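Have a look at query-v4.txt below; it lists compact mmCIF, N, CA and C atoms.
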# COMPACT_ATOMS: atom_id res chain seq x y z
N MET A 1 111.52 79.10 150.22
CA MET A 1 111.11 78.01 149.36
C MET A 1 112.05 77.94 148.16
N PRO A 2 112.63 76.78 147.86
CA PRO A 2 113.54 76.67 146.72
C PRO A 2 112.79 76.81 145.40
N MET A 3 113.44 77.43 144.44
CA MET A 3 112.83 77.59 143.12
C MET A 3 112.93 76.30 142.33
N LYS A 4 111.89 76.02 141.55
CA LYS A 4 111.89 74.85 140.69
C LYS A 4 112.44 75.22 139.33
N GLU A 5 113.09 74.30 138.72
CA GLU A 5 113.59 74.52 137.37
C GLU A 5 112.42 74.47 136.41
N ASN A 6 112.44 75.29 135.36
CA ASN A 6 111.39 75.28 134.35
C ASN A 6 111.44 73.95 133.62
N THR A 7 110.36 73.18 133.70
CA THR A 7 110.32 71.85 133.10
C THR A 7 109.21 71.78 132.07
N MET A 8 109.39 72.43 130.94
CA MET A 8 108.37 72.43 129.90
C MET A 8 108.43 71.14 129.10
N ARG A 9 107.24 70.63 128.79
CA ARG A 9 107.14 69.43 127.95
C ARG A 9 106.94 69.89 126.52
N THR A 10 107.88 69.64 125.67
CA THR A 10 107.86 70.22 124.32
C THR A 10 106.81 69.62 123.40
N ASN A 11 106.20 68.50 123.76
CA ASN A 11 105.20 67.90 122.87
C ASN A 11 103.81 68.50 123.06
N GLU A 12 103.65 69.44 123.97
CA GLU A 12 102.36 70.06 124.21
C GLU A 12 102.41 71.53 123.82
N MET A 13 101.23 72.07 123.48
CA MET A 13 101.15 73.49 123.17
C MET A 13 101.34 74.30 124.45
N VAL A 14 102.09 75.35 124.36
CA VAL A 14 102.35 76.20 125.52
C VAL A 14 101.22 77.21 125.68
N GLN A 15 100.77 77.39 126.92
CA GLN A 15 99.77 78.41 127.24
C GLN A 15 100.52 79.67 127.64
N TYR A 16 100.33 80.73 126.89
CA TYR A 16 101.01 81.99 127.18
C TYR A 16 100.07 82.89 127.97
N VAL A 17 100.54 83.37 129.10
CA VAL A 17 99.74 84.20 129.99
C VAL A 17 100.27 85.62 129.95
N GLY A 18 99.40 86.55 129.65
CA GLY A 18 99.73 87.97 129.73
C GLY A 18 99.11 88.53 130.99
N ALA A 19 99.84 89.35 131.72
CA ALA A 19 99.33 89.90 132.97
C ALA A 19 99.43 91.42 132.98
N ASP A 20 98.34 92.07 133.39
CA ASP A 20 98.32 93.51 133.59
C ASP A 20 98.13 93.72 135.08
N ILE A 21 99.13 94.28 135.73
CA ILE A 21 99.15 94.34 137.19
C ILE A 21 98.79 95.73 137.68
N ARG A 22 97.84 95.78 138.60
CA ARG A 22 97.45 97.01 139.28
C ARG A 22 97.68 96.80 140.78
N LYS A 23 97.53 97.86 141.54
CA LYS A 23 97.76 97.76 142.98
C LYS A 23 96.83 96.73 143.62
N ASP A 24 95.54 96.78 143.29
CA ASP A 24 94.56 95.91 143.94
C ASP A 24 94.09 94.74 143.10
N SER A 25 94.46 94.72 141.81
CA SER A 25 93.97 93.65 140.94
C SER A 25 95.01 93.27 139.90
N ILE A 26 94.76 92.14 139.28
CA ILE A 26 95.60 91.67 138.19
C ILE A 26 94.67 91.10 137.12
N VAL A 27 94.91 91.47 135.88
CA VAL A 27 94.13 90.93 134.77
C VAL A 27 95.02 89.93 134.04
N LEU A 28 94.52 88.71 133.90
CA LEU A 28 95.26 87.63 133.24
C LEU A 28 94.55 87.24 131.96
N ALA A 29 95.28 87.11 130.89
CA ALA A 29 94.71 86.71 129.60
C ALA A 29 95.52 85.56 129.03
N VAL A 30 94.82 84.52 128.59
CA VAL A 30 95.48 83.34 128.02
C VAL A 30 94.82 83.02 126.68
N PRO A 31 95.52 83.28 125.56
CA PRO A 31 94.97 82.88 124.26
C PRO A 31 94.84 81.36 124.19
N ARG A 32 93.85 80.87 123.48
CA ARG A 32 93.66 79.44 123.33
C ARG A 32 94.23 78.97 122.00
N ASP A 33 94.80 77.79 122.04
CA ASP A 33 95.37 77.17 120.85
C ASP A 33 96.30 78.14 120.12
N ASP A 34 95.99 78.41 118.85
CA ASP A 34 96.89 79.27 118.08
C ASP A 34 96.32 80.68 117.88
N GLU A 35 95.45 81.13 118.76
CA GLU A 35 94.87 82.47 118.66
C GLU A 35 95.94 83.54 118.82
N GLN A 36 95.77 84.61 118.11
CA GLN A 36 96.67 85.76 118.26
C GLN A 36 96.24 86.64 119.42
N GLN A 37 94.94 86.72 119.66
CA GLN A 37 94.39 87.53 120.75
C GLN A 37 93.53 86.64 121.65
N PRO A 38 93.61 86.83 122.95
CA PRO A 38 92.76 86.03 123.85
C PRO A 38 91.30 86.45 123.74
N ARG A 39 90.40 85.49 123.91
CA ARG A 39 88.96 85.79 123.89
C ARG A 39 88.50 86.40 125.20
N THR A 40 89.14 86.00 126.28
CA THR A 40 88.71 86.48 127.59
C THR A 40 89.91 86.92 128.42
N ALA A 41 89.61 87.80 129.33
CA ALA A 41 90.60 88.23 130.31
C ALA A 41 89.93 88.07 131.68
N ILE A 42 90.68 87.59 132.63
CA ILE A 42 90.14 87.32 133.96
C ILE A 42 90.74 88.31 134.94
N LYS A 43 89.87 89.00 135.67
CA LYS A 43 90.35 89.95 136.68
C LYS A 43 90.31 89.26 138.04
N LYS A 44 91.44 89.28 138.73
CA LYS A 44 91.58 88.64 140.04
C LYS A 44 92.14 89.66 141.02
N PRO A 45 91.89 89.44 142.32
CA PRO A 45 92.55 90.29 143.31
C PRO A 45 94.06 90.08 143.25
N ASN A 46 94.82 91.14 143.43
CA ASN A 46 96.28 91.02 143.41
C ASN A 46 96.75 90.51 144.77
N GLU A 47 96.48 89.23 145.00
CA GLU A 47 96.87 88.55 146.23
C GLU A 47 97.65 87.31 145.85
N ARG A 48 98.75 87.08 146.51
CA ARG A 48 99.64 85.97 146.15
C ARG A 48 98.93 84.63 146.13
N ARG A 49 98.10 84.34 147.11
CA ARG A 49 97.43 83.04 147.16
C ARG A 49 96.47 82.85 145.97
N VAL A 50 95.80 83.92 145.57
CA VAL A 50 94.88 83.85 144.43
C VAL A 50 95.64 83.61 143.14
N ILE A 51 96.73 84.33 142.95
CA ILE A 51 97.55 84.18 141.75
C ILE A 51 98.16 82.78 141.70
N ARG A 52 98.65 82.31 142.83
CA ARG A 52 99.24 80.97 142.89
C ARG A 52 98.21 79.90 142.51
N LYS A 53 97.01 80.01 143.04
CA LYS A 53 95.96 79.03 142.74
C LYS A 53 95.64 79.02 141.24
N TYR A 54 95.54 80.21 140.65
CA TYR A 54 95.26 80.30 139.21
C TYR A 54 96.38 79.64 138.40
N LEU A 55 97.62 79.95 138.75
CA LEU A 55 98.76 79.39 138.02
C LEU A 55 98.85 77.87 138.20
N GLU A 56 98.54 77.37 139.37
CA GLU A 56 98.55 75.92 139.60
C GLU A 56 97.54 75.22 138.70
N LYS A 57 96.34 75.79 138.58
CA LYS A 57 95.32 75.21 137.69
C LYS A 57 95.78 75.26 136.24
N LEU A 58 96.39 76.36 135.86
CA LEU A 58 96.89 76.50 134.49
C LEU A 58 97.96 75.45 134.21
N LYS A 59 98.85 75.25 135.14
CA LYS A 59 99.94 74.28 134.99
C LYS A 59 99.41 72.85 134.87
N GLU A 60 98.30 72.56 135.52
CA GLU A 60 97.69 71.22 135.42
C GLU A 60 97.26 70.91 134.00
N ARG A 61 96.91 71.94 133.22
CA ARG A 61 96.45 71.75 131.84
C ARG A 61 97.59 71.62 130.85
N GLY A 62 98.82 71.87 131.29
CA GLY A 62 99.96 71.74 130.38
C GLY A 62 100.98 72.83 130.61
N ASP A 63 101.91 72.93 129.69
CA ASP A 63 102.99 73.90 129.79
C ASP A 63 102.45 75.33 129.73
N ALA A 64 103.14 76.22 130.44
CA ALA A 64 102.72 77.62 130.45
C ALA A 64 103.95 78.52 130.55
N ALA A 65 103.80 79.72 130.05
CA ALA A 65 104.82 80.75 130.17
C ALA A 65 104.08 82.07 130.35
N CYS A 66 104.61 82.96 131.15
CA CYS A 66 103.92 84.23 131.36
C CYS A 66 104.86 85.42 131.17
N CYS A 67 104.23 86.57 130.99
CA CYS A 67 104.97 87.80 130.75
C CYS A 67 104.16 88.97 131.30
N TYR A 68 104.87 89.92 131.88
CA TYR A 68 104.22 91.16 132.27
C TYR A 68 105.22 92.30 132.18
N GLU A 69 104.69 93.53 132.11
CA GLU A 69 105.53 94.71 131.96
C GLU A 69 106.09 95.13 133.31
N ALA A 70 107.37 95.43 133.34
CA ALA A 70 108.01 95.90 134.57
C ALA A 70 107.34 97.19 135.04
N GLY A 71 107.25 97.32 136.32
CA GLY A 71 106.61 98.52 136.86
C GLY A 71 106.86 98.65 138.35
N PRO A 72 106.13 99.54 138.99
CA PRO A 72 106.35 99.82 140.41
C PRO A 72 105.92 98.70 141.35
N ARG A 73 105.29 97.67 140.84
CA ARG A 73 104.83 96.57 141.69
C ARG A 73 105.94 95.59 142.04
N GLY A 74 107.11 95.76 141.45
CA GLY A 74 108.25 94.92 141.81
C GLY A 74 108.24 93.56 141.14
N TYR A 75 109.04 92.68 141.70
CA TYR A 75 109.24 91.37 141.10
C TYR A 75 108.51 90.25 141.83
N HIS A 76 107.67 90.58 142.81
CA HIS A 76 107.03 89.50 143.57
C HIS A 76 106.22 88.57 142.70
N LEU A 77 105.59 89.12 141.65
CA LEU A 77 104.78 88.26 140.78
C LEU A 77 105.65 87.25 140.03
N GLN A 78 106.85 87.62 139.66
CA GLN A 78 107.71 86.71 138.91
C GLN A 78 108.06 85.47 139.73
N ARG A 79 108.15 85.59 141.01
CA ARG A 79 108.57 84.47 141.86
C ARG A 79 107.57 83.32 141.86
N LYS A 80 106.29 83.62 141.84
CA LYS A 80 105.26 82.56 141.92
C LYS A 80 105.33 81.61 140.73
N PRO A 81 105.32 82.11 139.49
CA PRO A 81 105.40 81.17 138.37
C PRO A 81 106.69 80.35 138.39
N ILE A 82 107.80 81.00 138.71
CA ILE A 82 109.07 80.29 138.73
C ILE A 82 109.06 79.17 139.77
N GLU A 83 108.46 79.43 140.93
CA GLU A 83 108.35 78.40 141.96
C GLU A 83 107.55 77.19 141.48
N LEU A 84 106.62 77.43 140.54
CA LEU A 84 105.79 76.36 140.00
C LEU A 84 106.37 75.74 138.73
N GLY A 85 107.54 76.21 138.32
CA GLY A 85 108.16 75.68 137.11
C GLY A 85 107.65 76.30 135.83
N ILE A 86 107.05 77.50 135.93
CA ILE A 86 106.52 78.22 134.78
C ILE A 86 107.49 79.35 134.43
N ALA A 87 107.89 79.42 133.18
CA ALA A 87 108.77 80.50 132.73
C ALA A 87 108.03 81.84 132.88
N CYS A 88 108.74 82.86 133.34
CA CYS A 88 108.13 84.17 133.51
C CYS A 88 109.11 85.25 133.04
N ILE A 89 108.68 86.05 132.11
CA ILE A 89 109.52 87.10 131.54
C ILE A 89 108.94 88.46 131.94
N ILE A 90 109.80 89.35 132.36
CA ILE A 90 109.39 90.70 132.66
C ILE A 90 109.88 91.58 131.52
N SER A 91 108.97 92.23 130.83
CA SER A 91 109.35 93.06 129.69
C SER A 91 109.66 94.49 130.15
N ALA A 92 110.49 95.17 129.39
CA ALA A 92 110.88 96.53 129.71
C ALA A 92 109.75 97.49 129.34
N ARG A 93 109.60 98.49 130.16
CA ARG A 93 108.60 99.52 129.86
C ARG A 93 109.07 100.34 128.66
N GLY A 94 108.14 100.70 127.84
CA GLY A 94 108.54 101.41 126.65
C GLY A 94 108.03 102.74 126.61

For this file, write the structure as structure tokens.
Amino acid sequence: MPMKENTMRTNEMVQYVGADIRKDSIVLAVPRDDEQQPRTAIKKPNERRVIRKYLEKLKERGDAACCYEAGPRGYHLQRKPIELGIACIISARG
């Protein structure tokens, strides 16, 4: 599947997604508006179709960007947001 170019609309607020990845699950947190900390975190099965569905719904609400810490789970998660036109940054482990 060809990757889509990141097409963010600058006139809308960006939804920033933080992801904590485990072998069997992924926790996603999205702060609302100008919050510094998210009010809720959503735990989902670490399955590509589930993650894709969540990201598609997020993208329908406006621009989004995500970030997660590099680890043993590889780069498969990064591919899904990029395919949907969502910027995805992998941070270095510290």

Contact residues around region 61-71 of chain A with all atoms listed in the file at 6.5 Å, ignoring same-chain residues under 4 positions, as a list in words: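 My reading of the contact set: Met8, Arg9, Glu12, Met13, Val14, Gln15, Tyr16, Val17, Gly18, Ala19, Asp20, Glu56, Lys57, Ile86, Ala87, Cys88, Ile89, Ile90, Ser91, Ala92 and Arg93 of chain A.
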
Strand (DSSP E) positions in region 6-90 of chain A, given as a ChimeraX atom specification: /A:15-21,25-29,41-45,64-69,87-90

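Of the listed residues A:Pro81, A:Lys53, A:Leu28, A:Pro72, the one whose atoms come nearest to Thr40 (chain A) is A:Leu28, with distances taken using all atoms listed in the file.
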
Residue list (helix (DSSP H, G or I), DSSP) for chain A, as a ChimeraX atom specification: /A:48-60,76-83

Pairwise distance for CA of Arg52 (chain A) and atom C of Arg79 (chain A), rounded to one decimal in Å: 8.7 Å

Proximity to Lys43 (chain A) - best of A:Leu84, A:Leu77, A:Leu55, A:Ala29, only C-alpha atoms: A:Ala29

In the coordinates of the file, take the point (93.2, 87.3, 137.4) and a cut-off of 6 Å; then, counting only N, CA and C atoms, name each qualifying protein, DNA or RNA residue as a PDB file with N, CA and C atoms, keeping the file's coordinate frame.
ATOM      1  N   ILE A  26      94.760  92.140 139.280  1.00  0.00           N
ATOM      2  CA  ILE A  26      95.600  91.670 138.190  1.00  0.00           C
ATOM      3  C   ILE A  26      94.670  91.100 137.120  1.00  0.00           C
ATOM      4  N   VAL A  27      94.910  91.470 135.880  1.00  0.00           N
ATOM      5  CA  VAL A  27      94.130  90.930 134.770  1.00  0.00           C
ATOM      6  C   VAL A  27      95.020  89.930 134.040  1.00  0.00           C
ATOM      7  N   LEU A  28      94.520  88.710 133.900  1.00  0.00           N
ATOM      8  CA  LEU A  28      95.260  87.630 133.240  1.00  0.00           C
ATOM      9  C   LEU A  28      94.550  87.240 131.960  1.00  0.00           C
ATOM     10  N   ILE A  42      90.680  87.590 132.630  1.00  0.00           N
ATOM     11  CA  ILE A  42      90.140  87.320 133.960  1.00  0.00           C
ATOM     12  C   ILE A  42      90.740  88.310 134.940  1.00  0.00           C
ATOM     13  N   LYS A  43      89.870  89.000 135.670  1.00  0.00           N
ATOM     14  CA  LYS A  43      90.350  89.950 136.680  1.00  0.00           C
ATOM     15  C   LYS A  43      90.310  89.260 138.040  1.00  0.00           C
ATOM     16  N   LYS A  44      91.440  89.280 138.730  1.00  0.00           N
ATOM     17  CA  LYS A  44      91.580  88.640 140.040  1.00  0.00           C
ATOM     18  C   LYS A  44      92.140  89.660 141.020  1.00  0.00           C
ATOM     19  N   PRO A  45      91.890  89.440 142.320  1.00  0.00           N
ATOM     20  CA  PRO A  45      92.550  90.290 143.310  1.00  0.00           C
ATOM     21  C   PRO A  45      94.060  90.080 143.250  1.00  0.00           C
TER      22      PRO A  45
END

Option closest in space to Glu47 (chain A), from A:Gly85, A:Gln78, A:Asp34, A:Asp24 [counting all atoms listed in the file]: A:Asp24

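Ranking A:Lys59, A:Gln37, A:Asn46, A:Ile82 by their shortest atom-to-atom distance to Lys23 (chain A), with only C-alpha atoms included, puts A:Asn46 first.
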
Pairwise distance for atom C of Arg32 (chain A) and atom N of His76 (chain A), rounded to one decimal in Å: 27.4 Å
